[in-house]
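Worksheet for the structure shown next.
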Amino acid sequence: MEVSRTTKERVGLPVYRELRERLDEFPLGAPPHESLDEILAELFTPEEAAVAARLPALPTPLPELAARLRMKPEPLQAVCEGMADKGLVFAAVRDGVPFYSLMPLVPGIFELQFMKAETTPRAMRLARLFNTYYYAGWGRSLTTTTTPWPRVVVVERQIPAGVEVLPYERVSELIRTARSLALTNCYCRHEANLLGEGCGAPLDVCMVFGRFADFCVERGFAWRVDVDGAMAALDRAEEAGLVHITDNCQQRLNFLCNCCGCCCGILRGITKLDRPTAVASSGYIVAHDEDECTACGVCVERCHVGAIEETDDGVRVDLDRCIGCGLCNLVCPSGALTTRRRDAVEPPPKTWRELQMRMLAEKAGRGGR
């Protein structure tokens with residue numbers, strides 16, 4: 001793969017190794033690979049890498065960062081602002097004070113590189129590098145911990161009547177209770193488009209919430225919408241047969257993606273890497289009535305993870321592979337497919353921070369890998 005001379009000259013500098021080791025401390029980590037070395041050298045200048053390698057994971061006020069890094073606030077802020085504009089560092093202002101923190105490689109830096117749907121030579125180069133690194137590193141890191149980072153949310157109208165539904169299981173509730181809402185382009189499908197492997201599903205249906213939404217809007221990675229706008233995007237996503245995936249926690253969510261099994265980095269963990277625990281299933285599962293089934297095959301095409309297949313004896317449903325998205329039910333003409341509550345449902349962590357701490361503890365328990 002061709003790499004710009006500037007990037008070639010940067011690869012191998014000690015500061016990039018330090019940055020990679022820092023990124024590897026996040027729950028999903030940053031496993032070493034030459035493609036990652038090139039990614040970091042492409043995204044960060046040496047000065048930025050030196051600062052980023054010392055930034056905390058939680059937003060920290062500029063004066064505290066300056067003292068920690070032994071830098072003057074003004075030049076440190078300039079470097080952090082430059083990285084925030086590139087989607088490498090999170091930035092926010094509280095009571096007039098700037099706060100900064102390092103983004104994880106995933107979820108974070110990777111996604112932000114493709115949210116603007118740019119088609120520049122640099123974007124294409126990054127798509128090739130990230131695709132290589134997916135198979136060599138970050139895709140496999142989806143199963144580094146027992147607790148998955150993302151979870152599936154069932155299509156709400158497929159929830160059976162009379163079943164107790166918790167707020168975090170209703171996609172409409174996730175949208176209506178979000179402090180801030182924004183839409184963005186699907187980074188995974190745009191990456192696939194850059195590689196000439198796109199599936200044609202809509203791009204502008206992924207959502208970001210809360211402070212992360214504010215950050216994305218301020219930096220040009222997303223655009224503000226109200227609840228009606230978000231719900232309209234949700235309808236378009238369901239019509240296109242896309243799977244709802246969000247943070248595997250109950251409160252203070254950061255995103256709601258609408259995913260396909262061919263392009264999505266999360267679902268490809270199942271379809272390409274054969275890792276069924278790459279995402280937490282919803283609290284629901286498909287129910288198949290063989291007597292009602294006409295074996296039309298429509299559901300086979302709709303399932304993004306290969307849980308439904310046609311056999312000589314008709315349609316077969318692999319319940320161990322079903323992620324409980326509810327999309328197959330929407331297109332079943334005979335009513336043979338319905339949704340039922342799973343027999344055992346473990347609630348996700350309450351907050352995003354609790355999720356991160358649990359994943360870090362599990363990662364440490366497995367020796368960091």
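Lettering and numbering for the structure tokens are positional, with chains as A, B, ... in the shown order, residues counted from 1 in each chain, and ligands counted from 1 in the shown order.
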- Task: Enumerate the residues of stretch 42-154 of chain A with a DSSP assignment of helix (DSSP H, G or I), computed from the backbone, and present them as a PyMOL selection string.
- Result: chain A and resi 42-43+46-52+62-69+73-85+105-112+121-138+140-143
Please report, as a tab-separated table, each residue of stretch 216-312 of chain A lying at most 9 Å from stretch 199-203 of chain A, together with the nearest pair of atoms and the separation in Å rounded to one decimal; use only C-alpha atoms, and order rows by chain and ascending residue number.
```
residue	atom	partner	partner_atom	distance
A:Arg236	CA	A:Pro202	CA	8.2
A:Ala237	CA	A:Pro202	CA	7.4
A:Ala240	CA	A:Ala201	CA	6.6
A:Gly241	CA	A:Ala201	CA	8.7
A:Leu242	CA	A:Ala201	CA	8.2
A:Cys260	CA	A:Ala201	CA	8.1
A:Cys262	CA	A:Cys199	CA	7.3
A:Cys263	CA	A:Cys199	CA	7.5
```
Write out, as a PDB file, in the first residue's frame, the residues just selected, with all heavy atoms.
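selection02.pdb was written with the following content:
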```
ATOM      1  N   ARG A 236     -36.442   5.293   8.349  1.00  0.00           N
ATOM      2  CA  ARG A 236     -35.722   4.993   7.103  1.00  0.00           C
ATOM      3  C   ARG A 236     -34.774   3.818   7.294  1.00  0.00           C
ATOM      4  O   ARG A 236     -34.604   2.989   6.400  1.00  0.00           O
ATOM      5  CB  ARG A 236     -34.949   6.227   6.626  1.00  0.00           C
ATOM      6  CG  ARG A 236     -35.833   7.324   6.057  1.00  0.00           C
ATOM      7  CD  ARG A 236     -35.042   8.397   5.334  1.00  0.00           C
ATOM      8  NE  ARG A 236     -34.237   9.204   6.238  1.00  0.00           N
ATOM      9  CZ  ARG A 236     -32.926   9.255   6.247  1.00  0.00           C
ATOM     10  NH1 ARG A 236     -32.222   8.506   5.398  1.00  0.00           N
ATOM     11  NH2 ARG A 236     -32.281  10.045   7.095  1.00  0.00           N
ATOM     12  N   ALA A 237     -34.145   3.760   8.464  1.00  0.00           N
ATOM     13  CA  ALA A 237     -33.223   2.665   8.751  1.00  0.00           C
ATOM     14  C   ALA A 237     -33.959   1.330   8.810  1.00  0.00           C
ATOM     15  O   ALA A 237     -33.492   0.318   8.265  1.00  0.00           O
ATOM     16  CB  ALA A 237     -32.486   2.935  10.063  1.00  0.00           C
ATOM     17  N   ALA A 240     -34.948   0.136   5.448  1.00  0.00           N
ATOM     18  CA  ALA A 240     -33.796  -0.412   4.731  1.00  0.00           C
ATOM     19  C   ALA A 240     -33.299  -1.716   5.346  1.00  0.00           C
ATOM     20  O   ALA A 240     -32.377  -2.345   4.828  1.00  0.00           O
ATOM     21  CB  ALA A 240     -32.656   0.616   4.717  1.00  0.00           C
ATOM     22  N   GLY A 241     -33.909  -2.140   6.465  1.00  0.00           N
ATOM     23  CA  GLY A 241     -33.541  -3.399   7.090  1.00  0.00           C
ATOM     24  C   GLY A 241     -32.250  -3.349   7.867  1.00  0.00           C
ATOM     25  O   GLY A 241     -31.477  -4.317   7.859  1.00  0.00           O
ATOM     26  N   LEU A 242     -31.988  -2.244   8.573  1.00  0.00           N
ATOM     27  CA  LEU A 242     -30.742  -2.075   9.309  1.00  0.00           C
ATOM     28  C   LEU A 242     -30.930  -2.362  10.793  1.00  0.00           C
ATOM     29  O   LEU A 242     -31.981  -2.067  11.365  1.00  0.00           O
ATOM     30  CB  LEU A 242     -30.207  -0.658   9.102  1.00  0.00           C
ATOM     31  CG  LEU A 242     -29.910  -0.282   7.645  1.00  0.00           C
ATOM     32  CD1 LEU A 242     -29.518   1.188   7.532  1.00  0.00           C
ATOM     33  CD2 LEU A 242     -28.819  -1.175   7.055  1.00  0.00           C
ATOM     34  N   CYS A 260     -25.437  -2.858   9.023  1.00  0.00           N
ATOM     35  CA  CYS A 260     -25.597  -3.975   8.101  1.00  0.00           C
ATOM     36  C   CYS A 260     -24.464  -4.974   8.332  1.00  0.00           C
ATOM     37  O   CYS A 260     -23.360  -4.593   8.716  1.00  0.00           O
ATOM     38  CB  CYS A 260     -25.593  -3.490   6.654  1.00  0.00           C
ATOM     39  SG  CYS A 260     -24.137  -2.496   6.215  1.00  0.00           S
ATOM     40  N   CYS A 262     -22.725  -6.578   6.249  1.00  0.00           N
ATOM     41  CA  CYS A 262     -21.654  -6.585   5.257  1.00  0.00           C
ATOM     42  C   CYS A 262     -20.618  -5.495   5.500  1.00  0.00           C
ATOM     43  O   CYS A 262     -19.435  -5.670   5.172  1.00  0.00           O
ATOM     44  CB  CYS A 262     -22.234  -6.439   3.856  1.00  0.00           C
ATOM     45  SG  CYS A 262     -23.420  -5.081   3.675  1.00  0.00           S
ATOM     46  N   CYS A 263     -21.013  -4.370   6.075  1.00  0.00           N
ATOM     47  CA  CYS A 263     -20.108  -3.231   6.244  1.00  0.00           C
ATOM     48  C   CYS A 263     -19.764  -2.935   7.696  1.00  0.00           C
ATOM     49  O   CYS A 263     -18.657  -2.466   7.988  1.00  0.00           O
ATOM     50  CB  CYS A 263     -20.714  -1.967   5.630  1.00  0.00           C
ATOM     51  SG  CYS A 263     -21.159  -2.092   3.887  1.00  0.00           S
TER      52      CYS A 263
END
```
- Message: I want to know what sits within 10 Å of A:Thr120, based on only C-alpha atoms, with residues of the same chain fewer than 5 positions away left out; could you give that as a PyMOL selection string?
- Response: chain A and resi 125-126+194
- Item | Contacts of A:Ser334 within 12 Å, only C-alpha atoms, excl. fewer than 4 positions in-chain, as a list in words |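 What passes the distance filter is His288, Asp289, Glu290, Asp291, Glu292, Cys293, Thr294, Ala295, Cys296, Gly297, Val298, Cys299, Cys328, Asn329, Leu330 and Thr338 of chain A.
Across the structure, atom CA of A:Met207 and atom CA of A:Thr147 are spaced 22.8 Å apart.
Inside stretch 46-118 of chain A, the residues DSSP reads as strand (DSSP E) when given the backbone are A:Thr60, A:Pro61, A:Val89, A:Phe90, A:Ala91, A:Ala92, A:Val93, A:Arg94, A:Val97, A:Pro98, A:Phe99, A:Tyr100, A:Ser101, A:Leu102.
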- Message: Excluding stretch 91-97 of chain A and its own-chain neighbours fewer than 3 positions away, which residues fall within 10 Å of it when counting only C-alpha atoms? Please give them as a ChimeraX atom specification.
- Response: /A:59-63,80-81,83-85,87-88,100-103,211-212,214-216,218-219
- Query: What's the 10 Å shell around A:Glu354, counting only C-alpha atoms, without same-chain residues fewer than 6 positions away, as a list in words?
  - Reply: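 Within the cut-off, the hits are Cys249, Pro348 and Leu360 of chain A.
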Take the selection from the previous step and output its residues with N, CA, C and O atoms, as a PDB file, in the first residue's frame.
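Result file is out_3.pdb:
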```
ATOM      1  N   CYS A 249     -25.104  -0.240  27.678  1.00  0.00           N
ATOM      2  CA  CYS A 249     -25.412   0.288  29.011  1.00  0.00           C
ATOM      3  C   CYS A 249     -26.829   0.855  28.981  1.00  0.00           C
ATOM      4  O   CYS A 249     -27.452   0.927  27.923  1.00  0.00           O
ATOM      5  N   PRO A 348     -27.753  -4.816  31.125  1.00  0.00           N
ATOM      6  CA  PRO A 348     -26.438  -4.219  30.873  1.00  0.00           C
ATOM      7  C   PRO A 348     -26.023  -3.311  32.020  1.00  0.00           C
ATOM      8  O   PRO A 348     -26.846  -2.951  32.877  1.00  0.00           O
ATOM      9  N   LEU A 360     -12.587  -3.083  31.464  1.00  0.00           N
ATOM     10  CA  LEU A 360     -11.178  -2.987  31.849  1.00  0.00           C
ATOM     11  C   LEU A 360     -10.812  -4.065  32.859  1.00  0.00           C
ATOM     12  O   LEU A 360      -9.719  -4.646  32.786  1.00  0.00           O
TER      13      LEU A 360
END
```
- Task: For A:Arg358, work out the shell of residues within 9 Å, counting only C-alpha atoms and skipping chain neighbours fewer than 2 positions away, then give it as a list of chain:residue names.
- Result: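 That gives A:Pro27, A:Thr145, A:Thr147, A:Pro349, A:Arg353, A:Glu354, A:Leu355, A:Gln356, A:Leu360, A:Ala361, A:Glu362, A:Lys363.
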Expected file contents, prior selection, N, CA and C atoms, as a compact mmCIF listing (two decimals), in the first residue's frame:
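Contents of out.txt, as written:
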```txt
# COMPACT_ATOMS: atom_id res chain seq x y z
N PRO A 27 -10.47 -0.10 26.89
CA PRO A 27 -11.08 -1.44 26.95
C PRO A 27 -10.89 -2.29 25.70
N THR A 145 -13.03 -8.89 25.87
CA THR A 145 -13.67 -8.95 27.19
C THR A 145 -14.93 -9.80 27.12
N THR A 147 -17.80 -8.94 28.60
CA THR A 147 -18.89 -7.98 28.37
C THR A 147 -18.67 -7.26 27.05
N PRO A 349 -24.75 -2.93 32.08
CA PRO A 349 -24.31 -1.97 33.10
C PRO A 349 -25.16 -0.70 33.03
N ARG A 353 -19.71 4.67 32.01
CA ARG A 353 -18.49 4.53 32.79
C ARG A 353 -18.43 3.17 33.48
N GLU A 354 -19.58 2.70 33.99
CA GLU A 354 -19.61 1.37 34.60
C GLU A 354 -19.27 0.29 33.58
N LEU A 355 -19.76 0.47 32.35
CA LEU A 355 -19.43 -0.46 31.27
C LEU A 355 -17.92 -0.50 31.03
N GLN A 356 -17.31 0.69 30.94
CA GLN A 356 -15.87 0.76 30.68
C GLN A 356 -15.07 0.11 31.81
N LEU A 360 -12.59 -3.08 31.46
CA LEU A 360 -11.18 -2.99 31.85
C LEU A 360 -10.81 -4.07 32.86
N ALA A 361 -11.70 -4.34 33.81
CA ALA A 361 -11.43 -5.38 34.81
C ALA A 361 -11.35 -6.75 34.14
N GLU A 362 -12.23 -7.01 33.19
CA GLU A 362 -12.21 -8.28 32.47
C GLU A 362 -10.95 -8.40 31.61
N LYS A 363 -10.57 -7.30 30.99
CA LYS A 363 -9.37 -7.30 30.17
C LYS A 363 -8.13 -7.59 31.03
```
- Message: Just to confirm, what's the straight-line distance from atom CA of A:Ile109 to atom CA of A:Val89 in Å (one decimal)?
- Response: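 We find that atom CA of A:Ile109 and atom CA of A:Val89 lie 8.0 Å from each other.
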